[in-house]
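Trainee: The structure is given below, and queries will be raised subsequently.
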There are 2 protein chains.
Amino acid sequence: MINVAVVGFGVVGSGVVELLDKNNRLFSKKIGQEIACKYILDIREFPDSPYADKFVKDFSVIENDPEINVVVETVGGATYAYDYTKRALLAGKHVVSSNKELVATHAPELLSIAREKGVCYLFEASVGGGIPIINPMYHCLAANELNKIVGIMNGTTNYILTKMVKDGITFETALKQAQELGYAERDPSADIDGIDTGRKICILASLAFGRHIHPENVMTKGIRGISLEDIYEADKQGLSVKLLGCAEKTEDGNIEIFVAPCAIPKDHPLANIEDVFNGIMVTGDAIGDCTFYGRGAGKMPTASAVGGDIIDCIKGTEKSSLYWVDADNSAFVRSFDKLDLEYFKNDIVLLKE
Amino acid sequence: MINVAVVGFGVVGSGVVELLDKNNRLFSKKIGQEIACKYILDIREFPDSPYADKFVKDFSVIENDPEINVVVETVGGATYAYDYTKRALLAGKHVVSSNKELVATHAPELLSIAREKGVCYLFEASVGGGIPIINPMYHCLAANELNKIVGIMNGTTNYILTKMVKDGITFETALKQAQELGYAERDPSADIDGIDTGRKICILASLAFGRHIHPENVMTKGIRGISLEDIYEADKQGLSVKLLGCAEKTEDGNIEIFVAPCAIPKDHPLANIEDVFNGIMVTGDAIGDCTFYGRGAGKMPTASAVGGDIIDCIKGTEKSSLYWVDADNSAFVRSFDKLDLEYFKNDIVLLKE
């Protein structure tokens, strides 16, 4: 019997609890034994939830229960989530996370603890929502020297840019619509200023290049300054404007990484990815370009990625493990002024391929 | 020290040998020990190859060498390849394959032997060339009830259809060009009659639905009958014509599976996949639609998939294993006349979503 504790009962956490319930037979079949959610930790009260009897408020209940095999961390942020994750790993429990901020900042330390304790720290859901990207990139493309990653990794900004060009509305109007539909937060800065994309490209680049790249080392430009005029001019020239996270290994072993609105040709594999969808293109020396495309956010898609990781943890620790070196490799990251970028117009980078 | 034997020194086999050589340091790092290709089996002579000293002609050399950990089977067909694979697995060696015919026909038996012997039989390269599809679908989407798979899985026919619509040339002319470029065989039947796509959709559907679906149970229509007129008419109506492999689980538990040229809306994720590229869309109850896109054939892309599987074999047998039930489940497959398909024109199926 496998017991799971879900920490944080927000959009993703509640999705994971529901998925474990709804597809329980499927989970059990895949791992060869029964599985259930034993605890849910949240500071809020949910007296009407069908899972009301599972709620706890004190993490040490989870930490000290030897029956708990997997802790799912969907708290977000890097304070409580960091503390819970570390304690869970040190207690010899697998941790599955959807928390890009924590992973981008503290993964090397947390992965080292997981390795020492012989458990997994997996975070497929932290990038691209439900789209399988971390596992395929790290495992299926393992025989490749990976050179480049380019992706639309934030659904909110992609929705806004799509609406602007399709409906001819300004950035401000499109943002307001996104907020009304629940796609954007009341404080939309993490999305529209590219911070969220920055964390995600750091996670992928760190795994691909084996060096920890801190989000604060990444040049990040958001989409606040994009005018309808810019978008129309790009459109006329056969280009689409997308907020991209880009990371590339240069021939001298450095890493060029940035987040910026980019104008890309309309036949680029990412050019037709619209609305809240995400798409990520990975380039390796054997495979060439390979693109992964799907729902980059949302309750059940993200729960799907968490669920896959839960099954992976149980089935085989060794094979499932992720790892990158713990050293601070900021020295390898090209500083802003050293990035030899061509601009289409204003702050929009021109990417020709 | 891990020793690999590559059986068959054709396009894929030679690519695997070269990749093991070129990215040797990468392989070693990933598996934590040294790795080398010890034998190459081919009935032909390659006296000028840099790997000339590795060639053997008798499979029992490989079978009886306890130093061989992994056998890579790129022979093709289901005669010699079947014999070699079975003997390698029975000798307790992992087998990695790019052979869709063998996998589609005999995987249940071969997977059972692998399971008994505690080794892996992996075949990521058998579908979609280098594109990670089997591993992500089977492992990352493991928490989903998978309902549907639709894909462009044959580069030759996709090249021909792309050329017809872009250059305004007939099927016959496009086929001749594909043959001149080496994209199509002199006897192109396996590609253009949909046989190759049929094998691939059988492999994916068997893994997704847990039932062995034999290729001979699949309604298969190829692209021989497609006229330029059909393609232009589709284009005018905002549709693209693609040779698709489609498999869907119906509500009553049956499986609808077929291969046919299909007219799909131009905003469909597969509509803009051109030339020799492949794209596969998988639908699950939690993730929704998720699409994988890249080079579906070719020497190094296919070697990339084989290389990923070699690393997977060594890193963790339990986690890497694939499995589906061994029973003959042809009863679940809807027969031709029971498929409720709508037609666009002639033999072209109309797929609305």
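In the structure tokens, each chain is lettered A, B, ... as it comes, each chain's residues begin at 1, and ligands are numbered from 1 in order of appearance.
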Counting only C-alpha atoms, which residues of chain B fall within 7 Å of chain A, and what is the closest atom pair for each with its distance in Å at one decimal, ordered by chain and rising number, as a Markdown table?
Mentor:
```
| residue | atom | partner | partner_atom | distance |
| --- | --- | --- | --- | --- |
| B:Leu26 | CA | A:Ala143 | CA | 6.8 |
| B:Phe27 | CA | A:Ala143 | CA | 6.2 |
| B:Gly130 | CA | A:Ile287 | CA | 5.7 |
| B:Ile131 | CA | A:Cys290 | CA | 6.5 |
| B:Pro132 | CA | A:Cys140 | CA | 6.0 |
| B:Pro136 | CA | A:Pro132 | CA | 6.1 |
| B:His139 | CA | A:Gly308 | CA | 6.4 |
| B:Cys140 | CA | A:Gly308 | CA | 4.7 |
| B:Leu141 | CA | A:Gly308 | CA | 5.7 |
| B:Ala142 | CA | A:Gly308 | CA | 5.2 |
| B:Ala143 | CA | A:Gly307 | CA | 5.1 |
| B:Asn144 | CA | A:Ser304 | CA | 6.5 |
| B:Ala286 | CA | A:Met300 | CA | 4.9 |
| B:Ile287 | CA | A:Pro301 | CA | 4.0 |
| B:Gly288 | CA | A:Pro301 | CA | 6.9 |
| B:Asp289 | CA | A:Gly294 | CA | 6.1 |
| B:Cys290 | CA | A:Gly294 | CA | 4.4 |
| B:Thr291 | CA | A:Tyr293 | CA | 5.0 |
| B:Phe292 | CA | A:Phe292 | CA | 4.9 |
| B:Tyr293 | CA | A:Thr291 | CA | 5.0 |
| B:Gly294 | CA | A:Cys290 | CA | 4.4 |
| B:Met300 | CA | A:Ala286 | CA | 4.9 |
| B:Pro301 | CA | A:Ile287 | CA | 4.0 |
| B:Ser304 | CA | A:Ala286 | CA | 5.5 |
| B:Ala305 | CA | A:Cys140 | CA | 6.6 |
| B:Gly307 | CA | A:Ala143 | CA | 5.1 |
| B:Gly308 | CA | A:Cys140 | CA | 4.7 |
| B:Asp309 | CA | A:Cys140 | CA | 7.0 |
| B:Lys315 | CA | A:Lys319 | CA | 5.4 |
| B:Gly316 | CA | A:Lys319 | CA | 4.8 |
| B:Glu318 | CA | A:Gly316 | CA | 6.2 |
| B:Lys319 | CA | A:Gly316 | CA | 4.8 |
```
Trainee: Please, which residues of segment 114-348 of chain B, numbered as in this document, come out strand (DSSP E) from DSSP, as a ChimeraX atom specification?
Mentor: /B:121-122,146-152,219-220,239-249,255-265,277-284,288-295,343-345,348
Trainee: Only N, CA and C atoms, please: the residues just picked out, written as a compact mmCIF listing (two decimals), in the first residue's frame.
Mentor:
```
# COMPACT_ATOMS: atom_id res chain seq x y z
N TYR B 121 13.10 -5.17 -23.02
CA TYR B 121 12.93 -5.14 -24.48
C TYR B 121 12.33 -3.78 -24.79
N LEU B 122 13.14 -2.87 -25.30
CA LEU B 122 12.70 -1.49 -25.54
C LEU B 122 12.74 -1.18 -27.04
N LEU B 146 -5.87 6.75 -21.37
CA LEU B 146 -5.61 7.22 -22.72
C LEU B 146 -6.76 6.81 -23.63
N ASN B 147 -7.27 7.78 -24.38
CA ASN B 147 -8.46 7.52 -25.18
C ASN B 147 -8.20 7.45 -26.67
N LYS B 148 -7.17 8.20 -27.10
CA LYS B 148 -7.05 8.37 -28.54
C LYS B 148 -5.61 8.66 -28.94
N ILE B 149 -5.20 8.12 -30.07
CA ILE B 149 -3.90 8.42 -30.65
C ILE B 149 -4.11 8.69 -32.14
N VAL B 150 -3.59 9.80 -32.60
CA VAL B 150 -3.68 10.12 -34.03
C VAL B 150 -2.31 10.61 -34.46
N GLY B 151 -1.76 10.06 -35.54
CA GLY B 151 -0.43 10.51 -35.90
C GLY B 151 -0.04 10.38 -37.35
N ILE B 152 0.84 11.29 -37.75
CA ILE B 152 1.57 11.17 -39.01
C ILE B 152 2.83 10.40 -38.66
N MET B 219 -7.86 -1.78 -40.52
CA MET B 219 -8.24 -1.30 -41.85
C MET B 219 -7.16 -0.32 -42.33
N THR B 220 -6.57 -0.61 -43.48
CA THR B 220 -5.45 0.21 -43.95
C THR B 220 -5.68 0.67 -45.38
N LEU B 239 -8.71 22.49 -45.52
CA LEU B 239 -8.32 21.18 -44.97
C LEU B 239 -6.97 20.75 -45.54
N SER B 240 -6.22 20.02 -44.74
CA SER B 240 -4.98 19.40 -45.22
C SER B 240 -5.19 17.89 -45.29
N VAL B 241 -4.62 17.26 -46.33
CA VAL B 241 -4.73 15.80 -46.45
C VAL B 241 -3.45 15.16 -45.93
N LYS B 242 -3.59 14.29 -44.95
CA LYS B 242 -2.45 13.62 -44.31
C LYS B 242 -2.74 12.13 -44.20
N LEU B 243 -1.74 11.29 -44.33
CA LEU B 243 -1.93 9.86 -44.05
C LEU B 243 -1.80 9.66 -42.54
N LEU B 244 -2.91 9.30 -41.92
CA LEU B 244 -2.92 9.20 -40.45
C LEU B 244 -3.16 7.77 -39.99
N GLY B 245 -2.51 7.45 -38.90
CA GLY B 245 -2.87 6.26 -38.13
C GLY B 245 -3.71 6.74 -36.96
N CYS B 246 -4.89 6.13 -36.80
CA CYS B 246 -5.83 6.58 -35.76
C CYS B 246 -6.28 5.39 -34.92
N ALA B 247 -6.29 5.57 -33.62
CA ALA B 247 -6.80 4.53 -32.73
C ALA B 247 -7.58 5.20 -31.62
N GLU B 248 -8.75 4.67 -31.32
CA GLU B 248 -9.59 5.28 -30.30
C GLU B 248 -10.33 4.21 -29.52
N LYS B 249 -10.41 4.42 -28.21
CA LYS B 249 -11.17 3.50 -27.37
C LYS B 249 -12.60 4.01 -27.33
N ILE B 255 -12.16 -1.05 -29.68
CA ILE B 255 -11.10 -0.20 -30.21
C ILE B 255 -11.36 0.05 -31.68
N GLU B 256 -11.41 1.31 -32.04
CA GLU B 256 -11.54 1.68 -33.45
C GLU B 256 -10.17 2.07 -33.94
N ILE B 257 -9.68 1.37 -34.93
CA ILE B 257 -8.32 1.65 -35.39
C ILE B 257 -8.27 1.53 -36.90
N PHE B 258 -7.64 2.51 -37.53
CA PHE B 258 -7.51 2.45 -38.98
C PHE B 258 -6.35 3.35 -39.44
N VAL B 259 -5.93 3.09 -40.68
CA VAL B 259 -4.95 3.94 -41.35
C VAL B 259 -5.59 4.41 -42.63
N ALA B 260 -5.62 5.71 -42.85
CA ALA B 260 -6.22 6.23 -44.08
C ALA B 260 -5.76 7.65 -44.33
N PRO B 261 -5.80 8.08 -45.60
CA PRO B 261 -5.60 9.50 -45.85
C PRO B 261 -6.80 10.25 -45.25
N CYS B 262 -6.51 11.29 -44.50
CA CYS B 262 -7.58 12.02 -43.81
C CYS B 262 -7.49 13.51 -44.14
N ALA B 263 -8.64 14.14 -44.27
CA ALA B 263 -8.69 15.60 -44.42
C ALA B 263 -8.93 16.19 -43.03
N ILE B 264 -7.97 17.03 -42.58
CA ILE B 264 -8.08 17.63 -41.25
C ILE B 264 -8.02 19.15 -41.36
N PRO B 265 -8.69 19.87 -40.45
CA PRO B 265 -8.67 21.34 -40.50
C PRO B 265 -7.24 21.87 -40.39
N PHE B 277 8.78 15.05 -41.74
CA PHE B 277 8.56 15.09 -40.30
C PHE B 277 7.36 14.23 -39.88
N ASN B 278 7.40 13.79 -38.65
CA ASN B 278 6.29 13.03 -38.05
C ASN B 278 5.71 13.83 -36.90
N GLY B 279 4.46 13.59 -36.59
CA GLY B 279 3.83 14.20 -35.42
C GLY B 279 2.78 13.26 -34.88
N ILE B 280 2.73 13.12 -33.59
CA ILE B 280 1.79 12.18 -32.97
C ILE B 280 1.06 12.88 -31.84
N MET B 281 -0.27 12.81 -31.88
CA MET B 281 -1.09 13.44 -30.85
C MET B 281 -1.73 12.36 -29.99
N VAL B 282 -1.54 12.48 -28.69
CA VAL B 282 -2.09 11.51 -27.74
C VAL B 282 -3.10 12.24 -26.86
N THR B 283 -4.25 11.63 -26.62
CA THR B 283 -5.28 12.26 -25.79
C THR B 283 -5.54 11.42 -24.54
N GLY B 284 -5.46 12.07 -23.40
CA GLY B 284 -5.74 11.39 -22.14
C GLY B 284 -6.79 12.15 -21.36
N GLY B 288 -5.60 16.02 -21.65
CA GLY B 288 -6.17 16.54 -22.88
C GLY B 288 -5.33 16.07 -24.05
N ASP B 289 -5.12 16.95 -25.05
CA ASP B 289 -4.29 16.60 -26.20
C ASP B 289 -2.85 17.01 -25.97
N CYS B 290 -1.95 16.19 -26.45
CA CYS B 290 -0.53 16.45 -26.29
C CYS B 290 0.16 15.95 -27.55
N THR B 291 1.00 16.79 -28.16
CA THR B 291 1.56 16.44 -29.46
C THR B 291 3.08 16.39 -29.43
N PHE B 292 3.63 15.39 -30.08
CA PHE B 292 5.08 15.19 -30.17
C PHE B 292 5.47 15.30 -31.63
N TYR B 293 6.50 16.06 -31.91
CA TYR B 293 6.79 16.44 -33.29
C TYR B 293 8.29 16.46 -33.56
N GLY B 294 8.74 15.87 -34.63
CA GLY B 294 10.16 15.89 -34.96
C GLY B 294 10.50 14.98 -36.12
N ARG B 295 11.76 14.61 -36.22
CA ARG B 295 12.23 13.79 -37.33
C ARG B 295 11.86 12.32 -37.10
N TYR B 343 -16.67 10.45 -44.89
CA TYR B 343 -15.68 10.64 -45.94
C TYR B 343 -15.74 12.04 -46.53
N PHE B 344 -14.55 12.59 -46.79
CA PHE B 344 -14.48 13.89 -47.44
C PHE B 344 -14.74 13.71 -48.94
N LYS B 345 -14.05 12.73 -49.52
CA LYS B 345 -14.14 12.50 -50.97
C LYS B 345 -13.38 11.23 -51.27
N ILE B 348 -10.83 9.47 -48.88
CA ILE B 348 -10.26 10.36 -47.87
C ILE B 348 -11.25 10.55 -46.72
```
Trainee: Please, what distance in Å, to one decimal, runs between atom CA of Asp275 of chain A and atom CA of Met153 of chain B?
Mentor: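 Distance reported for this atom pair: 26.6 Å.
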Trainee: Please compute the atom CA of Arg186 of chain B-atom CA of Ile160 of chain B distance, one decimal, in Å.
Mentor: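 Taking atom CA of Arg186 of chain B and atom CA of Ile160 of chain B, their separation equals 14.6 Å.
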Trainee: Using only C-alpha atoms, pick whichever of A:Asp191, A:Glu34, A:Glu73, A:Asp196 has the shortest atom-to-atom distance to Gln179 of chain A.
Mentor: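 Once distances to Gln179 of chain A are computed over only C-alpha atoms, the minimum belongs to A:Asp191.
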Trainee: What is the distance, in Å and to one decimal place, between atom CA of Tyr39 of chain B and atom CA of Lys93 of chain B?
Mentor: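 Taking atom CA of Tyr39 of chain B and atom CA of Lys93 of chain B, their separation equals 14.0 Å.
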Trainee: Kindly indicate which residue among A:Ala5, A:Ala178, A:Val70, A:Ile226 lies nearest to Val95 of chain A, using only C-alpha atoms for the distances.
Mentor: A:Val70
Trainee: List the neighbours of Phe46 of chain A out to 12 Å using only C-alpha atoms; skip same-chain residues closer than 2 positions along the sequence, and give me the result as a ChimeraX atom specification.
Mentor: /A:8-10,14,40-44,48-57
Trainee: Go ahead and write the residues just picked, C-alpha atoms, as a PDB file, in the first residue's frame.
Mentor:
```pdb
ATOM      1  CA  GLY A   8      -1.250  22.589  -0.693  1.00  0.00           C
ATOM      2  CA  PHE A   9      -4.897  22.235  -1.791  1.00  0.00           C
ATOM      3  CA  GLY A  10      -4.984  24.898  -4.502  1.00  0.00           C
ATOM      4  CA  SER A  14      -6.854  19.520  -5.541  1.00  0.00           C
ATOM      5  CA  ILE A  40      -3.854  16.882   2.626  1.00  0.00           C
ATOM      6  CA  LEU A  41      -2.050  19.818   4.202  1.00  0.00           C
ATOM      7  CA  ASP A  42      -3.467  23.310   3.842  1.00  0.00           C
ATOM      8  CA  ILE A  43      -3.747  26.270   6.220  1.00  0.00           C
ATOM      9  CA  ARG A  44      -7.289  26.892   4.983  1.00  0.00           C
ATOM     10  CA  ASP A  48     -17.406  20.647   2.655  1.00  0.00           C
ATOM     11  CA  SER A  49     -14.733  18.836   0.673  1.00  0.00           C
ATOM     12  CA  PRO A  50     -15.328  15.109   0.121  1.00  0.00           C
ATOM     13  CA  TYR A  51     -11.745  14.774   1.387  1.00  0.00           C
ATOM     14  CA  ALA A  52     -12.404  16.754   4.617  1.00  0.00           C
ATOM     15  CA  ASP A  53     -11.228  13.897   6.854  1.00  0.00           C
ATOM     16  CA  LYS A  54      -7.755  13.940   5.290  1.00  0.00           C
ATOM     17  CA  PHE A  55      -6.804  17.515   6.176  1.00  0.00           C
ATOM     18  CA  VAL A  56      -3.958  18.297   8.553  1.00  0.00           C
ATOM     19  CA  LYS A  57      -2.295  21.600   9.393  1.00  0.00           C
TER      20      LYS A  57
END
```
Trainee: Identify, with DSSP run on backbone atoms, the residues in segment 90-139 of chain A assigned to helix (DSSP H, G or I), and express the list as a PyMOL selection string.
Mentor: chain A and resi 90+100-117+124-126+134-139
Trainee: Using only C-alpha atoms, which of A:Lys100, A:Glu185, A:Tyr159, A:Val276 sits nearest Ile201 of chain A?
Mentor: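 Counting only C-alpha atoms, the residue closest to Ile201 of chain A is A:Lys100.
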Trainee: Give me the residues near Ser189 of chain B as number ranges by chain, where near means some atom within 12 Å (using only C-alpha atoms) and where sequence neighbours in that chain fewer than 4 positions away do not count.
Mentor: B: 156-157, 175, 184-185, 193-197, 221-224
Trainee: Could those residues be written to a file, using N, CA and C atoms, as a PDB file, in the first residue's frame?
Mentor:
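selection_38.pdb written:
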```pdb
ATOM      1  N   THR B 156       7.826   9.232 -45.578  1.00  0.00           N
ATOM      2  CA  THR B 156       7.781   9.135 -47.036  1.00  0.00           C
ATOM      3  C   THR B 156       6.458   9.659 -47.582  1.00  0.00           C
ATOM      4  N   THR B 157       5.359   9.161 -47.019  1.00  0.00           N
ATOM      5  CA  THR B 157       4.047   9.592 -47.519  1.00  0.00           C
ATOM      6  C   THR B 157       3.778  11.052 -47.176  1.00  0.00           C
ATOM      7  N   LEU B 175       6.265  10.707 -55.896  1.00  0.00           N
ATOM      8  CA  LEU B 175       6.855   9.426 -55.472  1.00  0.00           C
ATOM      9  C   LEU B 175       8.227   9.241 -56.112  1.00  0.00           C
ATOM     10  N   ALA B 184      12.074   7.187 -50.363  1.00  0.00           N
ATOM     11  CA  ALA B 184      11.185   6.046 -50.626  1.00  0.00           C
ATOM     12  C   ALA B 184      11.995   4.891 -51.208  1.00  0.00           C
ATOM     13  N   GLU B 185      11.579   3.688 -50.892  1.00  0.00           N
ATOM     14  CA  GLU B 185      12.238   2.479 -51.398  1.00  0.00           C
ATOM     15  C   GLU B 185      11.853   2.270 -52.869  1.00  0.00           C
ATOM     16  N   ASP B 193       1.184   2.280 -49.129  1.00  0.00           N
ATOM     17  CA  ASP B 193      -0.069   1.559 -48.884  1.00  0.00           C
ATOM     18  C   ASP B 193      -0.453   1.551 -47.398  1.00  0.00           C
ATOM     19  N   GLY B 194       0.312   2.256 -46.595  1.00  0.00           N
ATOM     20  CA  GLY B 194      -0.073   2.434 -45.192  1.00  0.00           C
ATOM     21  C   GLY B 194       0.322   1.294 -44.265  1.00  0.00           C
ATOM     22  N   ILE B 195       1.068   0.324 -44.774  1.00  0.00           N
ATOM     23  CA  ILE B 195       1.440  -0.846 -43.956  1.00  0.00           C
ATOM     24  C   ILE B 195       2.345  -0.432 -42.798  1.00  0.00           C
ATOM     25  N   ASP B 196       3.323   0.419 -43.110  1.00  0.00           N
ATOM     26  CA  ASP B 196       4.254   0.907 -42.093  1.00  0.00           C
ATOM     27  C   ASP B 196       3.503   1.691 -40.998  1.00  0.00           C
ATOM     28  N   THR B 197       2.631   2.590 -41.422  1.00  0.00           N
ATOM     29  CA  THR B 197       1.824   3.350 -40.452  1.00  0.00           C
ATOM     30  C   THR B 197       0.958   2.408 -39.628  1.00  0.00           C
ATOM     31  N   LYS B 221      -5.773   1.962 -45.549  1.00  0.00           N
ATOM     32  CA  LYS B 221      -5.838   2.537 -46.894  1.00  0.00           C
ATOM     33  C   LYS B 221      -4.638   3.444 -47.096  1.00  0.00           C
ATOM     34  N   GLY B 222      -4.006   3.344 -48.240  1.00  0.00           N
ATOM     35  CA  GLY B 222      -2.823   4.155 -48.502  1.00  0.00           C
ATOM     36  C   GLY B 222      -3.144   5.387 -49.324  1.00  0.00           C
ATOM     37  N   ILE B 223      -2.113   5.962 -49.933  1.00  0.00           N
ATOM     38  CA  ILE B 223      -2.316   7.238 -50.638  1.00  0.00           C
ATOM     39  C   ILE B 223      -2.194   7.105 -52.154  1.00  0.00           C
ATOM     40  N   ARG B 224      -2.139   5.845 -52.675  1.00  0.00           N
ATOM     41  CA  ARG B 224      -2.011   5.663 -54.127  1.00  0.00           C
ATOM     42  C   ARG B 224      -3.117   6.360 -54.904  1.00  0.00           C
TER      43      ARG B 224
END
```
